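**Q** Coordinates in query33.pdb, PDB, C-alpha atoms, are listed below.
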ATOM      1  CA  MET W 973     -22.204  49.052  17.092  1.00  0.00           C
ATOM      2  CA  LYS W 974     -22.294  46.222  19.663  1.00  0.00           C
ATOM      3  CA  THR W 975     -19.471  46.205  22.183  1.00  0.00           C
ATOM      4  CA  ARG W 976     -17.428  43.054  21.889  1.00  0.00           C
ATOM      5  CA  SER W 977     -17.266  40.832  24.967  1.00  0.00           C
ATOM      6  CA  CYS W 978     -13.849  40.132  26.438  1.00  0.00           C
ATOM      7  CA  LEU W 979     -14.696  36.424  26.250  1.00  0.00           C
ATOM      8  CA  LEU W 980     -13.965  34.512  23.063  1.00  0.00           C
ATOM      9  CA  PRO W 981     -17.054  33.072  21.285  1.00  0.00           C
ATOM     10  CA  TRP W 982     -16.517  29.516  22.498  1.00  0.00           C
ATOM     11  CA  GLN W 983     -15.758  30.435  26.092  1.00  0.00           C
ATOM     12  CA  SER W 984     -18.251  30.112  28.935  1.00  0.00           C
ATOM     13  CA  HIS W 985     -18.268  32.237  32.042  1.00  0.00           C
ATOM     14  CA  THR W 986     -16.734  29.304  33.955  1.00  0.00           C
ATOM     15  CA  ASP W 987     -13.558  29.674  31.867  1.00  0.00           C
ATOM     16  CA  ARG W 988     -12.673  33.028  33.387  1.00  0.00           C
ATOM     17  CA  THR W 989     -10.056  31.694  35.784  1.00  0.00           C
ATOM     18  CA  ARG W 990      -6.472  31.948  34.720  1.00  0.00           C
ATOM     19  CA  GLY W 991      -5.814  28.308  35.594  1.00  0.00           C
ATOM     20  CA  ASP W 992      -8.550  27.014  33.285  1.00  0.00           C
ATOM     21  CA  ARG W 993      -7.243  29.118  30.381  1.00  0.00           C
ATOM     22  CA  LEU W 994      -3.642  27.972  30.825  1.00  0.00           C
ATOM     23  CA  SER W 995      -4.461  24.296  31.234  1.00  0.00           C
ATOM     24  CA  ASP W 996      -6.599  24.229  28.139  1.00  0.00           C
ATOM     25  CA  GLY W 997      -4.690  26.737  25.986  1.00  0.00           C
ATOM     26  CA  THR W 998      -4.047  24.350  23.106  1.00  0.00           C
ATOM     27  CA  ARG W 999      -7.700  23.371  22.845  1.00  0.00           C
ATOM     28  CA  LEU W1000      -8.761  27.022  22.821  1.00  0.00           C
ATOM     29  CA  ARG W1001      -6.334  27.902  20.028  1.00  0.00           C
ATOM     30  CA  GLU W1002      -7.614  24.999  17.939  1.00  0.00           C
ATOM     31  CA  ARG W1003     -11.215  26.065  18.441  1.00  0.00           C
ATOM     32  CA  LYS W1004     -10.362  29.678  17.601  1.00  0.00           C
ATOM     33  CA  SER W1005      -8.721  28.565  14.349  1.00  0.00           C
ATOM     34  CA  ALA W1006     -11.772  26.462  13.466  1.00  0.00           C
ATOM     35  CA  VAL W1007     -14.156  29.373  14.112  1.00  0.00           C
ATOM     36  CA  MET W1008     -12.070  31.757  11.999  1.00  0.00           C
ATOM     37  CA  SER W1009     -11.978  29.260   9.131  1.00  0.00           C
ATOM     38  CA  SER W1010     -15.747  28.839   9.383  1.00  0.00           C
ATOM     39  CA  GLU W1011     -16.274  32.626   9.267  1.00  0.00           C
ATOM     40  CA  GLU W1012     -14.038  32.963   6.192  1.00  0.00           C
ATOM     41  CA  GLU W1013     -15.922  30.214   4.367  1.00  0.00           C
ATOM     42  CA  THR W1014     -19.252  31.840   5.221  1.00  0.00           C
ATOM     43  CA  SER W1015     -17.984  35.214   3.986  1.00  0.00           C
ATOM     44  CA  GLN W1016     -16.728  33.730   0.712  1.00  0.00           C
ATOM     45  CA  ALA W1017     -19.976  31.872   0.138  1.00  0.00           C
ATOM     46  CA  SER W1018     -21.985  35.012   0.795  1.00  0.00           C
ATOM     47  CA  SER W1019     -19.916  37.123  -1.594  1.00  0.00           C
ATOM     48  CA  SER W1020     -19.994  34.533  -4.344  1.00  0.00           C
ATOM     49  CA  SER W1021     -23.771  34.163  -4.091  1.00  0.00           C
ATOM     50  CA  THR W1022     -24.367  37.905  -4.571  1.00  0.00           C
ATOM     51  CA  PRO W1023     -25.132  38.591  -8.248  1.00  0.00           C
ATOM     52  CA  PRO W1024     -23.204  41.438  -9.935  1.00  0.00           C
ATOM     53  CA  SER W1025     -25.061  44.729 -10.021  1.00  0.00           C
ATOM     54  CA  SER W1026     -26.823  45.418 -13.290  1.00  0.00           C
ATOM     55  CA  SER W1027     -26.213  48.544 -15.367  1.00  0.00           C
ATOM     56  CA  SER W1028     -27.934  51.656 -14.097  1.00  0.00           C
ATOM     57  CA  SER W1029     -30.753  53.278 -16.003  1.00  0.00           C
ATOM     58  CA  PRO W1030     -30.919  56.985 -16.846  1.00  0.00           C
ATOM     59  CA  PRO W1031     -32.446  59.048 -14.028  1.00  0.00           C
ATOM     60  CA  PRO W1032     -36.145  59.910 -14.380  1.00  0.00           C
ATOM     61  CA  SER W1033     -36.814  63.118 -16.320  1.00  0.00           C
ATOM     62  CA  SER W1034     -33.222  63.228 -17.574  1.00  0.00           C
ATOM     63  CA  HIS W1035     -32.262  64.164 -21.127  1.00  0.00           C
ATOM     64  CA  PHE W1036     -29.589  62.561 -23.265  1.00  0.00           C
ATOM     65  CA  ILE W1037     -26.729  64.903 -24.142  1.00  0.00           C
ATOM     66  CA  GLY W1038     -24.172  62.692 -25.865  1.00  0.00           C
ATOM     67  CA  LYS W1039     -21.341  60.255 -25.408  1.00  0.00           C
ATOM     68  CA  LYS W1040     -18.967  61.083 -22.574  1.00  0.00           C
ATOM     69  CA  GLU W1041     -15.916  60.475 -24.761  1.00  0.00           C
ATOM     70  CA  ASP W1042     -17.161  63.107 -27.234  1.00  0.00           C
ATOM     71  CA  ILE W1043     -17.836  65.640 -24.473  1.00  0.00           C
ATOM     72  CA  VAL W1044     -14.439  65.007 -22.899  1.00  0.00           C
ATOM     73  CA  LYS W1045     -12.789  65.502 -26.276  1.00  0.00           C
ATOM     74  CA  ALA W1046     -14.698  68.726 -26.964  1.00  0.00           C
ATOM     75  CA  GLY W1047     -14.344  70.046 -23.427  1.00  0.00           C
ATOM     76  CA  ARG W1048     -17.576  72.037 -23.707  1.00  0.00           C
ATOM     77  CA  VAL W1049     -20.900  71.391 -25.362  1.00  0.00           C
ATOM     78  CA  THR W1050     -24.023  73.549 -25.565  1.00  0.00           C
ATOM     79  CA  LYS W1051     -27.441  72.072 -26.155  1.00  0.00           C
ATOM     80  CA  LEU W1052     -31.089  73.070 -26.127  1.00  0.00           C
ATOM     81  CA  VAL W1053     -32.499  70.640 -23.572  1.00  0.00           C
ATOM     82  CA  ASN W1054     -36.148  69.609 -23.650  1.00  0.00           C
ATOM     83  CA  GLY W1055     -36.794  72.369 -26.176  1.00  0.00           C
ATOM     84  CA  CYS W1056     -36.771  75.019 -23.475  1.00  0.00           C
ATOM     85  CA  ARG W1057     -33.368  75.363 -21.818  1.00  0.00           C
ATOM     86  CA  ASP W1058     -29.983  76.321 -23.234  1.00  0.00           C
ATOM     87  CA  VAL W1059     -27.446  74.355 -21.213  1.00  0.00           C
ATOM     88  CA  LEU W1060     -23.667  74.343 -21.161  1.00  0.00           C
ATOM     89  CA  ILE W1061     -22.085  70.988 -20.343  1.00  0.00           C
ATOM     90  CA  LEU W1062     -18.385  71.139 -19.603  1.00  0.00           C
ATOM     91  CA  TYR W1063     -15.682  68.703 -18.577  1.00  0.00           C
ATOM     92  CA  HIS W1064     -12.973  69.930 -16.221  1.00  0.00           C
ATOM     93  CA  GLN W1065     -10.484  68.031 -14.053  1.00  0.00           C
ATOM     94  CA  GLY W1066     -12.323  64.750 -14.443  1.00  0.00           C
ATOM     95  CA  GLN W1067     -15.745  66.177 -13.584  1.00  0.00           C
ATOM     96  CA  LEU W1068     -18.810  67.003 -15.678  1.00  0.00           C
ATOM     97  CA  HIS W1069     -20.773  70.160 -14.917  1.00  0.00           C
ATOM     98  CA  ALA W1070     -23.930  71.699 -16.391  1.00  0.00           C
ATOM     99  CA  MET W1071     -25.356  75.198 -16.111  1.00  0.00           C
ATOM    100  CA  ASP W1072     -27.372  77.754 -18.065  1.00  0.00           C
ATOM    101  CA  THR W1073     -25.409  78.795 -21.124  1.00  0.00           C
ATOM    102  CA  ARG W1074     -25.778  82.549 -20.734  1.00  0.00           C
ATOM    103  CA  CYS W1075     -24.234  84.468 -17.851  1.00  0.00           C
ATOM    104  CA  TYR W1076     -26.708  85.854 -15.333  1.00  0.00           C
ATOM    105  CA  HIS W1077     -25.220  89.350 -15.570  1.00  0.00           C
ATOM    106  CA  SER W1078     -25.937  90.274 -19.178  1.00  0.00           C
ATOM    107  CA  GLY W1079     -26.225  87.047 -21.142  1.00  0.00           C
ATOM    108  CA  GLY W1080     -22.543  86.502 -21.900  1.00  0.00           C
ATOM    109  CA  ALA W1081     -21.376  83.334 -23.639  1.00  0.00           C
ATOM    110  CA  LEU W1082     -20.039  81.176 -20.823  1.00  0.00           C
ATOM    111  CA  GLN W1083     -18.773  78.479 -23.190  1.00  0.00           C
ATOM    112  CA  TYR W1084     -15.888  80.829 -24.040  1.00  0.00           C
ATOM    113  CA  GLY W1085     -14.996  81.549 -20.414  1.00  0.00           C
ATOM    114  CA  ASP W1086     -11.841  80.464 -18.607  1.00  0.00           C
ATOM    115  CA  ILE W1087     -11.991  78.310 -15.486  1.00  0.00           C
ATOM    116  CA  GLU W1088      -9.991  79.406 -12.469  1.00  0.00           C
ATOM    117  CA  GLU W1089      -9.939  78.734  -8.753  1.00  0.00           C
ATOM    118  CA  PHE W1090     -10.869  81.462  -6.281  1.00  0.00           C
ATOM    119  CA  ASN W1091     -10.600  80.820  -2.573  1.00  0.00           C
ATOM    120  CA  GLY W1092     -10.560  77.067  -3.228  1.00  0.00           C
ATOM    121  CA  ARG W1093     -13.647  77.117  -5.480  1.00  0.00           C
ATOM    122  CA  LEU W1094     -13.611  76.451  -9.203  1.00  0.00           C
ATOM    123  CA  CYS W1095     -15.309  79.188 -11.195  1.00  0.00           C
ATOM    124  CA  ILE W1096     -16.066  79.910 -14.818  1.00  0.00           C
ATOM    125  CA  ILE W1097     -15.288  83.493 -15.777  1.00  0.00           C
ATOM    126  CA  CYS W1098     -17.685  85.184 -18.164  1.00  0.00           C
ATOM    127  CA  PRO W1099     -15.641  86.466 -21.123  1.00  0.00           C
ATOM    128  CA  TRP W1100     -17.832  89.529 -21.483  1.00  0.00           C
ATOM    129  CA  HIS W1101     -17.470  91.247 -18.100  1.00  0.00           C
ATOM    130  CA  LYS W1102     -15.294  88.834 -16.064  1.00  0.00           C
ATOM    131  CA  TYR W1103     -18.023  87.758 -13.659  1.00  0.00           C
ATOM    132  CA  LYS W1104     -17.037  84.702 -11.603  1.00  0.00           C
ATOM    133  CA  ILE W1105     -19.529  81.837 -11.230  1.00  0.00           C
ATOM    134  CA  THR W1106     -18.870  78.734  -9.133  1.00  0.00           C
ATOM    135  CA  LEU W1107     -19.224  75.485 -11.071  1.00  0.00           C
ATOM    136  CA  GLU W1108     -20.815  73.527  -8.232  1.00  0.00           C
ATOM    137  CA  GLU W1109     -23.410  75.948  -6.881  1.00  0.00           C
ATOM    138  CA  GLY W1110     -23.777  78.695  -9.483  1.00  0.00           C
ATOM    139  CA  GLU W1111     -22.883  81.388  -6.964  1.00  0.00           C
ATOM    140  CA  GLY W1112     -21.567  84.735  -8.105  1.00  0.00           C
ATOM    141  CA  LEU W1113     -18.308  85.700  -6.411  1.00  0.00           C
ATOM    142  CA  TYR W1114     -16.928  89.180  -5.911  1.00  0.00           C
ATOM    143  CA  GLN W1115     -13.825  90.607  -4.325  1.00  0.00           C
ATOM    144  CA  ALA W1116     -14.642  92.504  -1.147  1.00  0.00           C
ATOM    145  CA  VAL W1117     -12.625  95.027   0.832  1.00  0.00           C
ATOM    146  CA  ASP W1118     -13.319  95.284   4.560  1.00  0.00           C
ATOM    147  CA  ASP W1119     -11.468  98.524   5.141  1.00  0.00           C
ATOM    148  CA  PRO W1120     -10.640 100.615   2.045  1.00  0.00           C
ATOM    149  CA  THR W1121      -8.456 102.942   4.148  1.00  0.00           C
ATOM    150  CA  ALA W1122      -6.166 100.169   5.387  1.00  0.00           C
ATOM    151  CA  ARG W1123      -2.752  99.776   3.788  1.00  0.00           C
ATOM    152  CA  PRO W1124      -1.879  97.403   2.366  1.00  0.00           C
ATOM    153  CA  MET W1125      -5.444  96.881   1.204  1.00  0.00           C
ATOM    154  CA  ARG W1126      -6.740  93.408   1.986  1.00  0.00           C
ATOM    155  CA  THR W1127      -9.385  91.754  -0.130  1.00  0.00           C
ATOM    156  CA  HIS W1128     -11.221  88.457   0.009  1.00  0.00           C
ATOM    157  CA  TRP W1129     -13.846  86.632  -2.036  1.00  0.00           C
ATOM    158  CA  ARG W1130     -17.477  86.733  -1.050  1.00  0.00           C
ATOM    159  CA  SER W1131     -20.622  85.185  -2.492  1.00  0.00           C
ATOM    160  CA  LYS W1132     -23.558  87.093  -3.912  1.00  0.00           C
ATOM    161  CA  GLY W1133     -25.675  83.973  -3.599  1.00  0.00           C
ATOM    162  CA  VAL W1134     -26.888  81.653  -6.336  1.00  0.00           C
ATOM    163  CA  LYS W1135     -27.095  83.555  -9.616  1.00  0.00           C
ATOM    164  CA  GLN W1136     -26.645  80.862 -12.274  1.00  0.00           C
ATOM    165  CA  ARG W1137     -28.964  77.852 -12.551  1.00  0.00           C
ATOM    166  CA  ILE W1138     -26.988  74.624 -12.160  1.00  0.00           C
ATOM    167  CA  HIS W1139     -28.281  71.332 -13.570  1.00  0.00           C
ATOM    168  CA  LYS W1140     -27.523  67.748 -12.560  1.00  0.00           C
ATOM    169  CA  VAL W1141     -25.262  65.634 -14.773  1.00  0.00           C
ATOM    170  CA  SER W1142     -25.396  61.826 -14.796  1.00  0.00           C
ATOM    171  CA  GLU W1143     -23.303  59.264 -16.638  1.00  0.00           C
ATOM    172  CA  VAL W1144     -24.766  55.866 -17.523  1.00  0.00           C
ATOM    173  CA  ASN W1145     -22.715  53.355 -19.484  1.00  0.00           C
ATOM    174  CA  GLY W1146     -20.705  56.074 -21.199  1.00  0.00           C
ATOM    175  CA  ASP W1147     -23.765  58.214 -22.013  1.00  0.00           C
ATOM    176  CA  VAL W1148     -24.229  61.640 -20.434  1.00  0.00           C
ATOM    177  CA  TYR W1149     -27.621  62.865 -19.263  1.00  0.00           C
ATOM    178  CA  VAL W1150     -28.798  66.157 -17.776  1.00  0.00           C
ATOM    179  CA  THR W1151     -31.674  66.580 -15.356  1.00  0.00           C
ATOM    180  CA  LEU W1152     -32.937  70.146 -15.450  1.00  0.00           C
ATOM    181  CA  ASN W1153     -33.051  72.077 -12.209  1.00  0.00           C
ATOM    182  CA  ASP W1154     -36.775  72.666 -11.729  1.00  0.00           C
ATOM    183  CA  CYS W1155     -36.489  74.762  -8.565  1.00  0.00           C
ATOM    184  CA  SER W1156     -39.451  77.148  -8.583  1.00  0.00           C
ATOM    185  CA  GLU W1157     -37.421  79.995  -7.102  1.00  0.00           C
ATOM    186  CA  THR W1158     -36.358  82.488  -9.760  1.00  0.00           C
ATOM    187  CA  ILE W1159     -32.639  82.593 -10.490  1.00  0.00           C
ATOM    188  CA  GLU W1160     -31.117  85.509 -12.381  1.00  0.00           C
ATOM    189  CA  SER W1161     -29.840  83.436 -15.309  1.00  0.00           C
ATOM    190  CA  ASP W1162     -33.511  82.544 -16.041  1.00  0.00           C
ATOM    191  CA  THR W1163     -33.815  85.980 -17.655  1.00  0.00           C
ATOM    192  CA  TYR W1164     -31.884  84.820 -20.727  1.00  0.00           C
ATOM    193  CA  GLN W1165     -33.809  81.575 -21.289  1.00  0.00           C
ATOM    194  CA  THR W1166     -36.296  83.064 -23.730  1.00  0.00           C
ATOM    195  CA  GLU W1167     -36.682  83.085 -27.505  1.00  0.00           C
ATOM    196  CA  ARG W1168     -35.635  86.720 -27.534  1.00  0.00           C
ATOM    197  CA  TYR W1169     -32.098  85.819 -26.457  1.00  0.00           C
ATOM    198  CA  ARG W1170     -32.057  82.376 -28.035  1.00  0.00           C
ATOM    199  CA  SER W1171     -32.312  83.930 -31.480  1.00  0.00           C
ATOM    200  CA  VAL W1172     -29.148  85.959 -30.887  1.00  0.00           C
ATOM    201  CA  SER W1173     -25.925  84.080 -31.638  1.00  0.00           C
ATOM    202  CA  LEU W1174     -23.481  83.947 -28.762  1.00  0.00           C
ATOM    203  CA  GLU W1175     -20.048  85.406 -29.301  1.00  0.00           C
ATOM    204  CA  ALA W1176     -16.854  85.380 -27.278  1.00  0.00           C
ATOM    205  CA  ARG W1177     -17.053  89.145 -26.921  1.00  0.00           C
ATOM    206  CA  PRO W1178     -20.067  91.451 -26.724  1.00  0.00           C
ATOM    207  CA  ARG W1179     -20.818  93.529 -29.754  1.00  0.00           C
ATOM    208  CA  ARG W1180     -19.776  97.124 -29.403  1.00  0.00           C
ATOM    209  CA  LYS W1181     -22.270  99.819 -30.174  1.00  0.00           C
ATOM    210  CA  LEU W1182     -21.066 101.955 -33.049  1.00  0.00           C
ATOM    211  CA  ALA W1183     -21.121 105.669 -32.542  1.00  0.00           C
ATOM    212  CA  VAL W1184     -22.935 107.536 -35.271  1.00  0.00           C
ATOM    213  CA  LYS W1185     -21.566 110.897 -36.322  1.00  0.00           C
ATOM    214  CA  LEU W1186     -24.314 113.350 -37.042  1.00  0.00           C
ATOM    215  CA  ASP W1187     -23.945 116.141 -39.576  1.00  0.00           C
ATOM    216  CA  THR W1188     -24.159 119.577 -38.009  1.00  0.00           C
TER
END
Transcribe the structure of this file into structure tokens.
**A**
Amino acid sequence: MKTRSCLLPWQSHTDRTRGDRLSDGTRLRERKSAVMSSEEETSQASSSSTPPSSSSSPPPSSHFIGKKEDIVKAGRVTKLVNGCRDVLILYHQGQLHAMDTRCYHSGGALQYGDIEEFNGRLCIICPWHKYKITLEEGEGLYQAVDDPTARPMRTHWRSKGVKQRIHKVSEVNGDVYVTLNDCSETIESDTYQTERYRSVSLEARPRRKLAVKLDT
């Protein structure tokens, strides 16, 4: 940023003396007013000559999910994106988020999970085993205890690192698109993005194994 000179734009260095400024004060005010009017007209002309920005196009490699109004109404939508990725798109507090549908821990159905805030971070809670996953980064949170012998026991939330693959959501003219996260580093939720798990219907609660009574 350029430092402004103490001199006004129409002043020369010979006008520095107090006597010159006082004797010609009226003329200076008139010139100042004329310069300001000229700057305003230039600004208005510049703004009026700038054409309105055209509608954005969908991001490259993005995939159409649906109309925003439908997603907002539903709250949560799951979709097989690009024929290879099960993605959960959810709307919460005015924001759209997208992540792998199945929880990184054991493939739980995240679309049935509650959303709560932990240590200032919004998380979706897996309904199967209550694992907490941040909406923005996909980090797994856990409650840590520094000193288990201290009373009262004090706990705080810590991150396990990124566990759930998060995808980018874009909105263009009321349409919602998802760009898949193509990071080459393996993330734990990748485990459940196979046909083996895709063929199993997701439920709000895990199926319990039935005990079989054997005849003795």
**Q** For stretch 1149-1154 of chain W, list every protein, DNA or RNA residue within 6 Å, evaluated using only C-alpha atoms, and leave out those in the same chain fewer than 6 positions away; present the list as a list in words.
**A**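 The neighbour list is Ser1034, His1035, Phe1036, Ile1037, His1139, Lys1140, Val1141 and Ser1142 of chain W.
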**Q** List, as an mmCIF file with C-alpha atoms, in the frame of the given file, every residue that the PyMOL selection byres ((chain W and resi 1050) around 12) selects in the file provided.
**A**
data_model
loop_
_atom_site.group_PDB
_atom_site.id
_atom_site.type_symbol
_atom_site.label_atom_id
_atom_site.label_comp_id
_atom_site.auth_asym_id
_atom_site.auth_seq_id
_atom_site.Cartn_x
_atom_site.Cartn_y
_atom_site.Cartn_z
ATOM 1 C CA ILE W 1037 -26.729 64.903 -24.142
ATOM 2 C CA GLY W 1038 -24.172 62.692 -25.865
ATOM 3 C CA ILE W 1043 -17.836 65.640 -24.473
ATOM 4 C CA ALA W 1046 -14.698 68.726 -26.964
ATOM 5 C CA GLY W 1047 -14.344 70.046 -23.427
ATOM 6 C CA ARG W 1048 -17.576 72.037 -23.707
ATOM 7 C CA VAL W 1049 -20.900 71.391 -25.362
ATOM 8 C CA LYS W 1051 -27.441 72.072 -26.155
ATOM 9 C CA LEU W 1052 -31.089 73.070 -26.127
ATOM 10 C CA VAL W 1053 -32.499 70.640 -23.572
ATOM 11 C CA ARG W 1057 -33.368 75.363 -21.818
ATOM 12 C CA ASP W 1058 -29.983 76.321 -23.234
ATOM 13 C CA VAL W 1059 -27.446 74.355 -21.213
ATOM 14 C CA LEU W 1060 -23.667 74.343 -21.161
ATOM 15 C CA ILE W 1061 -22.085 70.988 -20.343
ATOM 16 C CA LEU W 1062 -18.385 71.139 -19.603
ATOM 17 C CA TYR W 1063 -15.682 68.703 -18.577
ATOM 18 C CA HIS W 1069 -20.773 70.160 -14.917
ATOM 19 C CA ALA W 1070 -23.930 71.699 -16.391
ATOM 20 C CA MET W 1071 -25.356 75.198 -16.111
ATOM 21 C CA ASP W 1072 -27.372 77.754 -18.065
ATOM 22 C CA THR W 1073 -25.409 78.795 -21.124
ATOM 23 C CA ARG W 1074 -25.778 82.549 -20.734
ATOM 24 C CA ALA W 1081 -21.376 83.334 -23.639
ATOM 25 C CA LEU W 1082 -20.039 81.176 -20.823
ATOM 26 C CA GLN W 1083 -18.773 78.479 -23.190
ATOM 27 C CA TYR W 1084 -15.888 80.829 -24.040
ATOM 28 C CA VAL W 1150 -28.798 66.157 -17.776
ATOM 29 C CA LEU W 1174 -23.481 83.947 -28.762
#
**Q** Atom CA of W:Ile1097 and atom CA of W:Leu1113 are how many Å apart?
**A**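 Interatomic distance, atom CA of W:Ile1097 to atom CA of W:Leu1113: 10.1 Å.
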**Q** Fewer than 4 positions away in the same chain doesn't count, so skip those; otherwise give me all residues within 8 Å of W:Glu1160, counting all atoms listed in the file, as a ChimeraX atom specification.
**A** /W:1076-1077,1135-1137
**Q** Do you have the atom CA of W:Gln1165-atom CA of W:Arg1093 distance handy?
**A** 26.0 Å
**Q** Report as an mmCIF file with C-alpha atoms, keeping the file's coordinate frame the residues that result from applying the PyMOL selection byres ((chain W and resi 1086) around 6) to the structure here.
**A**
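Final output, part-v5.cif:
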data_model
loop_
_atom_site.group_PDB
_atom_site.id
_atom_site.type_symbol
_atom_site.label_atom_id
_atom_site.label_comp_id
_atom_site.auth_asym_id
_atom_site.auth_seq_id
_atom_site.Cartn_x
_atom_site.Cartn_y
_atom_site.Cartn_z
ATOM 1 C CA GLY W 1085 -14.996 81.549 -20.414
ATOM 2 C CA ILE W 1087 -11.991 78.310 -15.486
ATOM 3 C CA ILE W 1096 -16.066 79.910 -14.818
ATOM 4 C CA ILE W 1097 -15.288 83.493 -15.777
#
**Q** Name the residues captured by the PyMOL selection byres ((chain W and resi 1132) around 7) when it is applied to the shown file; answer as JSON, numbers by chain.
**A** {"W": [1111, 1112, 1113, 1130, 1131, 1133, 1134]}
**Q** Save out the residues we just selected, C-alpha atoms, as an mmCIF file, keeping the file's coordinate frame.
**A**
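Everything below was put into result03.cif:
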data_model
loop_
_atom_site.group_PDB
_atom_site.id
_atom_site.type_symbol
_atom_site.label_atom_id
_atom_site.label_comp_id
_atom_site.auth_asym_id
_atom_site.auth_seq_id
_atom_site.Cartn_x
_atom_site.Cartn_y
_atom_site.Cartn_z
ATOM 1 C CA GLU W 1111 -22.883 81.388 -6.964
ATOM 2 C CA GLY W 1112 -21.567 84.735 -8.105
ATOM 3 C CA LEU W 1113 -18.308 85.700 -6.411
ATOM 4 C CA ARG W 1130 -17.477 86.733 -1.050
ATOM 5 C CA SER W 1131 -20.622 85.185 -2.492
ATOM 6 C CA GLY W 1133 -25.675 83.973 -3.599
ATOM 7 C CA VAL W 1134 -26.888 81.653 -6.336
#
**Q** Work out how far atom CA of W:Leu1107 is from atom CA of W:Ser1078, in Å to one decimal.
**A** 18.2 Å
**Q** Given all atoms listed in the file as the basis, pick out the residue of W:Val1117, W:Val1172, W:Ala1122, W:Ile1138 nearest to W:Cys1155.
**A**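 Among the listed residues, the smallest separation from W:Cys1155 belongs to W:Ile1138.
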**Q** Find, counting only C-alpha atoms, the residue in W:Ser1173, W:Ser1033, W:Thr1106, W:Thr1121 that gets nearest to W:Gly1079.
**A**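 Closest candidate: W:Ser1173.
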**Q** Using all atoms listed in the file, find the one residue out of W:Gly1110, W:Pro1031, W:Pro1099, W:Gly1066 that sits nearest to W:Lys1045.
**A**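 Smallest distance to W:Lys1045 is found for W:Gly1066.
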**Q** Measuring atom to atom with all atoms listed in the file, identify which of W:Ile1105, W:Glu1088, W:Val1144, W:Met1125 is nearest to W:Ser1161.
**A** W:Ile1105
**Q** Which of these residues is nearest to W:Asp1147, using only C-alpha atoms: W:Ser1028, W:Thr1127, W:Asn1091, W:Thr1166?
**A** W:Ser1028
**Q** Taking all atoms listed in the file into account, which of W:Val1148, W:Ser1029, W:Asp1162, W:Gln1115 comes nearest W:Glu1041?
**A** W:Val1148
